[in-house]
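For reference, the structure is listed below as structure tokens.
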Amino acid sequence: MKAIQHISLLFIGVICSAFATNNSLVGSWQLVKIFDVKNEMESFRPVNYSSEQLTFQFEDNGSRGMLSGYTISNKVTGKYTLSDSTITVTQIGGTKIVENGWGSEIWSQLKEMESFHFKNDSLIISTQNHEMELYFISSHLSK
């Protein structure tokens, strides 16, 4: 049964990757890993988070876009611009409930997003000075 699930996930990943382009982040992306490049430490998404938590919708036309989604406790909205593989967050906001763990970390990282690339079925966004890498998978893969 697990082999069938893995094959299904791989197939969905190939399909989702086919729609992703280097000039667009369009889709629903779930944060699954934070990698601290400087200290070479990775932190994986806790299993007790719901599928809605740490999932972000990106909608853009290849140059300007809007993001929305949820941290652990808050709704997030924002705007961004794209140029080649560079992302610049021009506005970020949301509800302001006190956060712990990944919820508190993600706010500053969303503000500092700087570049992105796709690898297999993952979207990888680097923060300013490439200090952190945020790893996302299509939220369709997590279901």
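We label chains A, B, ... in the order they appear in the structure tokens, count residues from 1 in each chain, and number ligands from 1 in the order shown.
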Report the residues of chain A whose backbone DSSP state falls under strand (DSSP E or B), written as JSON, numbers by chain.
{"A": [27, 28, 29, 30, 31, 32, 33, 34, 35, 36, 41, 42, 43, 44, 55, 56, 57, 58, 59, 60, 64, 65, 66, 67, 68, 69, 70, 75, 76, 77, 78, 79, 80, 81, 82, 83, 86, 87, 88, 89, 90, 91, 92, 93, 94, 113, 114, 115, 116, 117, 118, 119, 122, 123, 124, 125, 126, 127, 132, 133, 134, 135, 136, 137, 138]}
Skip A:Ser24 itself and residues of its chain fewer than 4 positions away, then list as a PyMOL selection string all residues within 9 Å of it, counting only C-alpha atoms.
chain A and resi 20+58-63+65+82+85
Give me a file of those residues, with N, CA and C atoms, as a tab-separated table (two decimals), in the first residue's frame.
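In the end it all went to again_24.tsv:
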chain	number	residue	atom	x	y	z
A	20	ALA	N	4.85	24.23	-12.95
A	20	ALA	CA	5.68	25.27	-12.33
A	20	ALA	C	6.70	25.77	-13.35
A	58	PHE	N	0.21	31.14	-3.75
A	58	PHE	CA	0.89	32.15	-4.55
A	58	PHE	C	0.12	32.33	-5.85
A	59	GLU	N	-0.22	33.55	-6.18
A	59	GLU	CA	-0.92	33.88	-7.42
A	59	GLU	C	-0.16	35.03	-8.07
A	60	ASP	N	0.36	34.83	-9.27
A	60	ASP	CA	1.09	35.91	-9.93
A	60	ASP	C	0.96	35.80	-11.44
A	61	ASN	N	1.41	36.85	-12.11
A	61	ASN	CA	1.40	36.88	-13.58
A	61	ASN	C	2.82	36.76	-14.14
A	62	GLY	N	3.75	36.32	-13.31
A	62	GLY	CA	5.14	36.20	-13.72
A	62	GLY	C	5.99	37.39	-13.33
A	63	SER	N	5.34	38.49	-12.91
A	63	SER	CA	6.11	39.65	-12.46
A	63	SER	C	5.57	40.24	-11.15
A	65	GLY	N	2.64	39.56	-7.83
A	65	GLY	CA	1.75	38.56	-7.28
A	65	GLY	C	1.27	38.86	-5.88
A	82	LEU	N	8.39	39.53	-8.95
A	82	LEU	CA	9.32	38.51	-9.43
A	82	LEU	C	10.14	39.07	-10.58
A	85	SER	N	14.76	34.73	-11.10
A	85	SER	CA	14.57	33.88	-9.93
A	85	SER	C	14.63	34.67	-8.63
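Considering only C-alpha atoms, the residue among A:Tyr80, A:Phe118, A:Tyr135, A:Trp29 positioned nearest to A:Ser51 is A:Trp29.
Among the candidates A:Lys119, A:Thr81, A:Gln30, A:Phe35, the residue lying nearest to A:Glu105 is A:Phe35 (atoms considered: only C-alpha atoms).
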Pick out the residues sitting within 8 Å of A:Lys38, and hand them over as a PyMOL selection string; count only C-alpha atoms, and ignore anything fewer than 2 positions along from it in its own chain.
chain A and resi 36+40+131-132
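Nearest to A:Phe44 of all the residues A:Leu134, A:Gln57, A:Tyr70, A:Ser139 is A:Leu134, based on only C-alpha atoms.
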